[in-house]
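Peer 1: Contents are compact mmCIF, C-alpha atoms; file name protein_26.txt:
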# COMPACT_ATOMS: atom_id res chain seq x y z
CA MET A 1 -47.48 7.99 -85.00
CA ARG A 2 -44.99 5.34 -86.13
CA ARG A 3 -42.27 7.97 -86.44
CA THR A 4 -43.06 9.31 -82.97
CA MET A 5 -42.87 5.81 -81.53
CA LYS A 6 -39.61 5.18 -83.34
CA LEU A 7 -38.08 8.39 -81.99
CA ALA A 8 -39.29 7.59 -78.49
CA THR A 9 -37.84 4.11 -78.72
CA THR A 10 -34.49 5.46 -79.95
CA ALA A 11 -34.36 8.10 -77.22
CA GLY A 12 -35.23 5.49 -74.64
CA ALA A 13 -32.44 3.27 -75.91
CA PHE A 14 -29.93 6.11 -75.54
CA VAL A 15 -31.10 6.80 -71.99
CA VAL A 16 -30.89 3.14 -71.03
CA THR A 17 -27.44 2.84 -72.62
CA GLY A 18 -26.23 5.95 -70.77
CA ILE A 19 -27.53 4.68 -67.44
CA ALA A 20 -25.95 1.28 -68.05
CA ALA A 21 -22.61 2.89 -68.94
CA GLN A 22 -22.68 5.02 -65.79
CA ALA A 23 -23.48 1.99 -63.66
CA LEU A 24 -20.61 0.06 -65.27
CA ASN A 25 -18.20 2.94 -64.71
CA SER A 26 -19.29 3.17 -61.08
CA ARG A 27 -18.72 -0.56 -60.53
CA GLN A 28 -15.31 -0.37 -62.19
CA ARG A 29 -14.28 2.59 -60.00
CA THR A 30 -15.34 0.67 -56.89
CA GLN A 31 -13.37 -2.38 -57.97
CA ARG A 32 -10.24 -0.34 -58.74
CA LYS A 33 -10.44 1.38 -55.37
CA ARG A 34 -10.58 -2.00 -53.63
CA ARG A 35 -7.51 -3.13 -55.58
CA ARG A 36 -5.38 -0.17 -54.54
CA GLY A 37 -4.08 -1.93 -51.46
CA GLU A 38 -3.11 1.33 -49.75
CA ASP A 39 -1.52 1.34 -46.32
CA VAL A 40 -3.13 4.75 -45.81
CA GLU A 41 -6.29 5.45 -47.79
CA PHE A 42 -5.97 8.17 -50.37
CA GLY A 43 -7.87 11.27 -49.30
CA SER A 44 -7.71 10.44 -45.59
CA VAL A 45 -4.61 12.43 -44.63
CA HIS A 46 -5.81 15.73 -43.21
CA SER A 47 -5.41 18.27 -40.42
CA PRO A 48 -8.10 20.53 -38.95
CA ALA A 49 -9.56 22.84 -41.58
CA GLN A 50 -8.55 26.49 -41.48
CA VAL A 51 -9.53 29.39 -43.70
CA ALA A 52 -7.66 32.24 -45.35
CA HIS A 53 -9.74 35.00 -46.90
CA ALA A 54 -8.49 36.11 -50.29
CA SER A 55 -8.37 39.74 -51.40
CA ASP A 56 -11.82 39.36 -52.99
CA GLY A 57 -13.21 37.77 -49.83
CA LEU A 58 -13.26 34.21 -51.14
CA ALA A 59 -12.56 31.48 -48.54
CA ILE A 60 -9.41 29.44 -49.20
CA HIS A 61 -9.22 26.07 -47.45
CA VAL A 62 -5.90 25.56 -45.64
CA GLU A 63 -4.43 22.74 -43.55
CA VAL A 64 -1.26 22.92 -41.45
CA ASP A 65 0.88 20.01 -40.27
CA ASP A 66 3.13 21.16 -37.43
CA GLY A 67 6.77 20.17 -37.36
CA PRO A 68 10.15 21.12 -35.91
CA THR A 69 11.75 24.54 -36.20
CA GLY A 70 12.93 25.16 -39.73
CA PRO A 71 11.56 26.36 -43.06
CA THR A 72 7.83 26.04 -43.63
CA VAL A 73 7.11 23.96 -46.72
CA VAL A 74 4.07 25.27 -48.62
CA PHE A 75 2.45 22.96 -51.18
CA VAL A 76 0.39 24.29 -54.11
CA HIS A 77 -1.52 21.75 -56.23
CA GLY A 78 -2.41 21.79 -59.90
CA TRP A 79 -5.45 22.29 -62.11
CA VAL A 80 -8.46 20.03 -61.33
CA CYS A 81 -6.58 18.52 -58.38
CA THR A 82 -6.77 19.12 -54.62
CA LEU A 83 -4.34 19.24 -51.71
CA ASP A 84 -4.72 15.43 -51.60
CA SER A 85 -2.37 15.33 -54.59
CA TRP A 86 0.47 15.65 -52.03
CA HIS A 87 -0.63 12.39 -50.37
CA TYR A 88 2.75 10.65 -50.48
CA GLN A 89 4.88 13.70 -49.74
CA ARG A 90 2.67 14.60 -46.79
CA LEU A 91 2.92 11.14 -45.29
CA ALA A 92 6.69 11.01 -45.73
CA LEU A 93 7.38 14.45 -44.25
CA ARG A 94 4.84 14.49 -41.41
CA GLY A 95 6.64 15.31 -38.19
CA GLU A 96 9.82 16.09 -40.11
CA ALA A 97 8.84 19.58 -41.33
CA ARG A 98 6.17 22.18 -40.79
CA MET A 99 3.89 22.00 -43.84
CA VAL A 100 1.08 24.17 -45.18
CA PHE A 101 -1.41 22.87 -47.76
CA MET A 102 -4.04 24.88 -49.60
CA ASP A 103 -6.87 24.09 -51.98
CA GLN A 104 -6.67 26.60 -54.79
CA ARG A 105 -9.83 28.64 -55.33
CA SER A 106 -12.75 26.62 -56.78
CA HIS A 107 -10.82 23.42 -56.05
CA GLY A 108 -11.30 20.95 -53.21
CA LYS A 109 -12.86 22.58 -50.15
CA SER A 110 -12.15 26.17 -51.15
CA ALA A 111 -15.06 28.37 -52.17
CA ARG A 112 -16.04 28.79 -55.80
CA SER A 113 -14.58 31.58 -57.85
CA TYR A 114 -15.64 32.58 -61.37
CA ASP A 115 -13.80 32.94 -64.65
CA HIS A 116 -13.02 36.65 -64.18
CA ASN A 117 -11.32 35.88 -60.84
CA SER A 118 -9.56 32.68 -61.88
CA SER A 119 -6.36 34.20 -63.26
CA ILE A 120 -2.81 33.21 -62.35
CA ARG A 121 -2.42 36.68 -60.85
CA GLN A 122 -5.36 36.02 -58.53
CA LEU A 123 -4.01 32.59 -57.60
CA ALA A 124 -0.68 34.21 -56.76
CA ASP A 125 -2.47 36.74 -54.60
CA ASP A 126 -4.26 33.89 -52.81
CA LEU A 127 -0.90 32.25 -52.13
CA LEU A 128 0.45 35.50 -50.69
CA VAL A 129 -2.53 35.71 -48.32
CA VAL A 130 -1.88 32.14 -47.17
CA LEU A 131 1.82 32.86 -46.62
CA ASN A 132 1.10 36.00 -44.61
CA GLU A 133 -1.42 34.22 -42.40
CA PHE A 134 0.08 30.75 -41.96
CA ALA A 135 3.81 31.38 -42.44
CA PRO A 136 4.21 35.00 -41.31
CA THR A 137 7.77 34.53 -40.05
CA GLY A 138 10.72 32.31 -40.91
CA ASP A 139 11.98 30.86 -44.15
CA ILE A 140 9.67 29.33 -46.74
CA ILE A 141 10.02 26.58 -49.34
CA LEU A 142 7.39 26.70 -52.10
CA VAL A 143 6.47 23.46 -53.88
CA GLY A 144 4.17 23.80 -56.89
CA HIS A 145 2.83 21.15 -59.26
CA SER A 146 1.49 22.09 -62.71
CA MET A 147 -0.82 25.11 -62.25
CA GLY A 148 0.55 25.29 -58.71
CA GLY A 149 3.99 25.92 -60.19
CA MET A 150 2.46 28.68 -62.30
CA THR A 151 0.98 30.14 -59.12
CA VAL A 152 4.47 30.24 -57.62
CA MET A 153 5.80 31.93 -60.75
CA GLY A 154 2.91 34.39 -60.60
CA LEU A 155 3.90 35.25 -57.03
CA ALA A 156 7.50 35.85 -58.14
CA ASP A 157 6.25 38.12 -60.91
CA ALA A 158 4.06 40.19 -58.57
CA HIS A 159 6.37 40.12 -55.54
CA PRO A 160 9.96 39.46 -56.61
CA GLU A 161 11.22 40.89 -53.32
CA LEU A 162 10.02 37.76 -51.48
CA PHE A 163 12.43 35.46 -53.30
CA GLY A 164 15.83 35.08 -51.71
CA THR A 165 14.57 36.85 -48.59
CA ARG A 166 11.58 34.95 -47.17
CA VAL A 167 11.27 32.36 -49.92
CA LYS A 168 14.54 30.47 -49.69
CA GLY A 169 13.64 27.42 -51.76
CA VAL A 170 11.43 26.56 -54.74
CA VAL A 171 10.53 23.17 -56.21
CA LEU A 172 8.67 23.35 -59.52
CA VAL A 173 7.10 20.05 -60.59
CA ALA A 174 5.71 19.26 -64.06
CA THR A 175 4.97 22.85 -64.95
CA SER A 176 5.58 25.52 -67.57
CA ALA A 177 6.17 29.26 -67.89
CA GLY A 178 4.63 29.64 -71.34
CA ASN A 179 4.08 28.54 -74.95
CA LEU A 180 2.04 25.67 -73.59
CA MET A 181 -0.70 25.49 -76.20
CA LYS A 182 1.73 25.01 -79.07
CA GLY A 183 3.59 22.05 -77.64
CA SER A 184 1.19 20.18 -75.36
CA PRO A 185 -0.59 17.19 -76.96
CA ALA A 186 -3.02 17.02 -74.03
CA MET A 187 -3.94 20.69 -74.34
CA ARG A 188 -4.60 20.27 -78.05
CA TYR A 189 -6.84 17.30 -77.26
CA LEU A 190 -8.73 19.27 -74.61
CA ARG A 191 -9.22 22.51 -76.52
CA PRO A 192 -12.19 21.46 -78.72
CA LEU A 193 -13.95 20.01 -75.68
CA ILE A 194 -13.68 23.31 -73.81
CA THR A 195 -15.44 25.15 -76.64
CA ARG A 196 -18.50 22.94 -76.31
CA THR A 197 -21.24 23.27 -73.73
CA SER A 198 -20.74 22.41 -70.09
CA LEU A 199 -23.32 19.62 -70.41
CA LEU A 200 -21.42 17.88 -73.21
CA LEU A 201 -18.13 18.26 -71.34
CA ASP A 202 -19.78 16.85 -68.21
CA ARG A 203 -20.95 13.77 -70.08
CA GLY A 204 -17.69 13.34 -71.93
CA ARG A 205 -15.46 13.47 -68.87
CA SER A 206 -17.62 11.06 -66.87
CA PHE A 207 -17.63 8.43 -69.61
CA ASN A 208 -14.62 6.12 -69.35
CA SER A 209 -12.60 8.81 -67.60
CA PHE A 210 -10.08 6.26 -66.34
CA SER A 211 -8.92 5.57 -69.89
CA ILE A 212 -8.61 9.30 -70.63
CA VAL A 213 -6.51 9.83 -67.50
CA ARG A 214 -4.35 6.85 -68.35
CA ARG A 215 -3.73 8.25 -71.84
CA TRP A 216 -3.00 11.89 -71.00
CA ALA A 217 -2.15 12.36 -67.31
CA VAL A 218 0.40 9.65 -66.53
CA GLY A 219 3.33 7.84 -68.07
CA PRO A 220 3.16 4.54 -69.98
CA HIS A 221 4.09 2.40 -66.98
CA ALA A 222 1.97 4.09 -64.31
CA GLN A 223 0.43 1.83 -61.67
CA GLU A 224 -3.33 1.40 -61.73
CA ARG A 225 -3.64 2.88 -58.25
CA HIS A 226 -1.98 6.13 -59.33
CA ILE A 227 -4.20 6.43 -62.39
CA ASP A 228 -7.23 5.80 -60.22
CA MET A 229 -6.18 8.33 -57.58
CA THR A 230 -5.79 10.95 -60.28
CA ASN A 231 -9.13 10.00 -61.80
CA GLU A 232 -10.82 10.28 -58.41
CA MET A 233 -9.58 13.84 -57.92
CA ILE A 234 -10.50 14.94 -61.43
CA LEU A 235 -14.02 13.48 -61.27
CA SER A 236 -14.61 15.22 -57.93
CA THR A 237 -13.77 18.58 -59.52
CA PRO A 238 -16.74 20.43 -61.07
CA THR A 239 -16.69 20.99 -64.82
CA TYR A 240 -16.80 24.77 -64.37
CA VAL A 241 -13.27 24.56 -62.90
CA ILE A 242 -12.01 23.16 -66.20
CA ILE A 243 -13.70 25.94 -68.17
CA ASP A 244 -12.90 28.84 -65.81
CA PHE A 245 -9.17 28.12 -65.49
CA TYR A 246 -8.41 26.92 -69.00
CA GLN A 247 -8.03 30.50 -70.20
CA ASN A 248 -4.83 30.83 -68.16
CA PHE A 249 -2.97 28.39 -70.38
CA VAL A 250 -3.90 29.87 -73.76
CA ALA A 251 -1.64 32.91 -73.48
CA LEU A 252 0.56 31.80 -70.59
CA ASP A 253 3.72 33.89 -70.28
CA LEU A 254 5.53 33.89 -66.94
CA TYR A 255 9.10 33.98 -68.21
CA ARG A 256 9.68 37.41 -66.69
CA SER A 257 9.29 35.88 -63.22
CA LEU A 258 12.15 33.42 -63.57
CA GLU A 259 14.97 35.79 -62.69
CA ALA A 260 13.33 36.49 -59.33
CA ILE A 261 12.79 32.79 -58.65
CA GLY A 262 16.51 32.26 -59.23
CA LYS A 263 17.23 34.27 -56.07
CA ALA A 264 15.99 31.23 -54.15
CA LYS A 265 17.48 27.76 -54.36
CA THR A 266 15.45 26.11 -57.12
CA VAL A 267 14.92 22.57 -58.40
CA VAL A 268 12.80 21.80 -61.46
CA ILE A 269 11.32 18.29 -61.73
CA GLY A 270 9.78 16.91 -64.92
CA GLY A 271 8.60 13.57 -66.25
CA THR A 272 10.08 12.59 -69.59
CA LYS A 273 6.69 11.25 -70.77
CA ASP A 274 4.58 14.21 -69.64
CA LEU A 275 1.98 15.01 -72.33
CA LEU A 276 0.44 17.99 -70.53
CA THR A 277 3.57 20.00 -69.71
CA PRO A 278 6.17 18.21 -71.85
CA PHE A 279 9.67 17.74 -70.45
CA ARG A 280 11.14 20.39 -72.73
CA HIS A 281 9.24 22.95 -70.65
CA SER A 282 11.06 21.70 -67.56
CA ARG A 283 14.37 21.94 -69.42
CA ARG A 284 13.66 25.51 -70.40
CA LEU A 285 12.66 26.47 -66.87
CA ALA A 286 15.90 25.04 -65.49
CA ALA A 287 17.89 26.84 -68.19
CA ASP A 288 16.17 30.21 -67.63
CA ILE A 289 16.12 30.20 -63.82
CA PRO A 290 19.58 31.26 -62.62
CA GLY A 291 21.30 28.43 -60.75
CA ALA A 292 18.37 26.01 -61.04
CA THR A 293 18.86 22.24 -60.99
CA LEU A 294 16.91 19.97 -63.35
CA VAL A 295 15.70 16.52 -62.28
CA GLY A 296 14.28 14.39 -65.08
CA LEU A 297 12.29 11.32 -64.09
CA GLU A 298 12.28 8.69 -66.81
CA ASP A 299 8.93 7.46 -68.16
CA ALA A 300 6.93 9.54 -65.68
CA GLY A 301 3.93 11.52 -66.89
CA HIS A 302 2.27 14.65 -65.59
CA MET A 303 1.30 13.06 -62.27
CA VAL A 304 4.91 12.43 -61.38
CA ILE A 305 4.08 13.27 -57.75
CA PHE A 306 2.20 9.94 -57.67
CA GLU A 307 4.12 7.89 -60.20
CA GLN A 308 7.59 8.53 -58.76
CA HIS A 309 6.55 10.00 -55.45
CA ASP A 310 9.61 8.74 -53.59
CA LYS A 311 11.97 10.67 -55.87
CA VAL A 312 9.88 13.84 -55.66
CA THR A 313 9.85 13.53 -51.87
CA GLU A 314 13.62 13.03 -51.89
CA VAL A 315 14.11 16.31 -53.76
CA ILE A 316 11.89 18.19 -51.28
CA THR A 317 13.64 16.56 -48.32
CA ASP A 318 17.07 17.47 -49.68
CA MET A 319 15.90 21.04 -50.21
CA TYR A 320 14.55 21.22 -46.65
CA GLU A 321 17.71 19.78 -45.08
CA SER A 322 19.94 22.12 -47.03
CA LEU A 323 18.01 25.16 -45.79
CA ALA A 324 17.20 24.05 -42.22
How would this structure read if it were set down as C-alpha cells?
Peer 2:
Amino acid sequence: MRRTMKLATTAGAFVVTGIAAQALNSRQRTQRKRRRGEDVEFGSVHSPAQVAHASDGLAIHVEVDDGPTGPTVVFVHGWVCTLDSWHYQRLALRGEARMVFMDQRSHGKSARSYDHNSSIRQLADDLLVVLNEFAPTGDIILVGHSMGGMTVMGLADAHPELFGTRVKGVVLVATSAGNLMKGSPAMRYLRPLITRTSLLLDRGRSFNSFSIVRRWAVGPHAQERHIDMTNEMILSTPTYVIIDFYQNFVALDLYRSLEAIGKAKTVVIGGTKDLLTPFRHSRRLAADIPGATLVGLEDAGHMVIFEQHDKVTEVITDMYESLA
C-alpha cells in the first residue's frame, strides 16, 4: 500500500510539474508575442485561398498576390514552416510583382500526406502542378528556402527542360543538394529524437521550444521577434511532419540537378552561422551551378529570411528587375 501511494504521489508530481511547465511556456509565448512590436502582425498577410490538386489528389493550399506584367515569383517554404515564412518578402514586394505562395504538402493549410508520399520527388511534382495552374504562361522566378530549395532542385532534376525556358531565375536560400547528415550539427542533434516515439518527440519539442529554436535555427545575434516567429511556425506544425519528411535528408543527393538550374539566372544565399544547412553547402551550390552568384550573410542562421530579410528581399528584387 505504501509503495502504491508513493508511486501515485510521484506520478502526480510529474503530472503537476508538466502542467505547470506548459502553463509557463504558454505565458512566455504570449509575452514574447506582445513584445514583437510588429507593424503588420506575423501570420496576417494572406490572399484568398486557392487549391491545386497534386498528382495523388492531395489538396495543396495556394495564394496569389497579383502584380504588374512581368515574371511570376513563386515562393517555396522549408521543412516545418509555412508560406508565412515569406512574411517580409511578401510585404515588400506586394504590388511590385505577381507572386504565388504554396504550403507544401502536410504543412500549413495543405492536406496531410504520409511518409511514402513525402519525398522530394513528390514535392517537385506538387510544385509543377502549381506552376501549370497558377503560372501557366510567362517567365517564372523560383525562390526556395531550405527544403523549398530542395523542391526546386527536385523539379530541375525531373524537368530540366523548364530551366532557361520558362524558369528564368532561381534564388536558393539556406539549402543543400546533399551530404547533409554528415556536416549539419542540427541534423545530428535531431536524429536521435526522430528514432523515438511520436509521443516523446511531441513532449520534447513543446518543452522550452524557444530555447531550442534559438540554439539551432537562427544566428547568434537574432532578434527575439524572429526567434519567436520561427518558434510559432514550428509549434503549429504537427509532429508527424517532422517524422515523415526527415527521411529526405538522410540520403539527399540532388547534385545532378544543378547543371539544369544553371540554365536560369541563379543566386545562392546562405547564412554564415547556419547550423542546419551550413554555409559550405551554399558555397558548393554556387560553385556547382554554372554561372551562379553566391551571397553570404554574416552571422545569419538558417532563418536568414527573417534575420536579414531586407537583404534577401533585395536579392529577389534585383533578380526580378533584371528579368522584367
Peer 1: With only C-alpha atoms as the basis for distance, which of A:Phe210, A:His226, A:Gly219, A:Val241 is at the shortest distance from Arg112 in chain A?
Peer 2: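 Result for the nearest residue to Arg112 in chain A: A:Val241.
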Peer 1: Quick one: pull the distance between CA of Val73 in chain A and CA of Ile269 in chain A, Å, one decimal.
Peer 2: 16.6 Å
Peer 1: Quote the spacing between CA of Leu155 in chain A and CA of Pro185 in chain A in Å to one decimal place.
Peer 2: 27.3 Å
Peer 1: Of the candidates A:Val76, A:Val100, A:Leu323, A:Val45, which one gets nearest to Val62 in chain A if we count all atoms listed in the file?
Peer 2: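 Closest to Val62 in chain A of all the choices is A:Val100.
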Peer 1: Find the distance between CA of Thr151 in chain A and CA of Glu232 in chain A and write it in Å to one decimal.
Peer 2: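 So the two atoms, CA of Thr151 in chain A and CA of Glu232 in chain A, lie 23.1 Å apart.
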Peer 1: Show me, as a PyMOL selection string, the residues that have an atom within 9 Å of range 248-258 of chain A when counting all atoms listed in the file, minus same-chain residues fewer than 2 positions from it.
Peer 2: chain A and resi 118-120+150+153-158+160+176-181+187+244-246+260-262+285+288-290
Peer 1: Which polymer residues, protein or nucleic acid, are no farther than 10 Å from (15.3, 18.6, -53.4), counting only C-alpha atoms, as a list in words?
Peer 2: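 Result, sorted by chain then residue number: Gly169, Val170, Val171, Lys265, Thr266, Val267, Val268, Ile269, Thr293, Val295, Lys311, Val312, Thr313, Glu314, Val315, Ile316, Thr317, Asp318, Met319, Tyr320, Glu321 and Ser322 of chain A.
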Peer 1: For Thr277 in chain A, which residue out of A:Gly183, A:Gly78, A:Gly108, A:Gly43 is the nearest one, using only C-alpha atoms?
Peer 2: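 Using only C-alpha atoms, the shortest distance to Thr277 in chain A belongs to A:Gly183.
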Peer 1: Compare A:His159, A:His116, A:His107, A:His77 by their minimum atom-to-atom distance to Asp56 in chain A, counting all atoms listed in the file, and give me the closest one.
Peer 2: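 Ranked by minimum distance to Asp56 in chain A, first place goes to A:His116.
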Peer 1: Of the residues A:Ala135, A:Ile60, A:Ile305, A:Leu91, which is the one nearest to Val40 in chain A, using only C-alpha atoms?
Peer 2: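 For Val40 in chain A, the nearest of the candidates is A:Leu91.
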Peer 1: Give me, as a list in words, all polymer residues having an atom no more than 8 Å from Gly296 in chain A, counting only C-alpha atoms and skipping those fewer than 2 positions away in the same chain.
Peer 2: Ile269, Gly270, Gly271, Thr272, Phe279, Leu294 and Glu298 of chain A
Peer 1: I'd like to know which of A:Ser110, A:Ser55, A:Ser184, A:Thr237 is closest to Asp126 in chain A, using only C-alpha atoms.
Peer 2: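 Smallest distance to Asp126 in chain A is found for A:Ser55.
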Peer 1: Give me the residues near His302 in chain A as a VMD selection string, where near means some atom within 10 Å (using all atoms listed in the file) and where sequence neighbours in that chain fewer than 5 positions away do not count.
Peer 2: chain A and resid 145 to 146 173 to 175 216 to 219 270 to 279 307
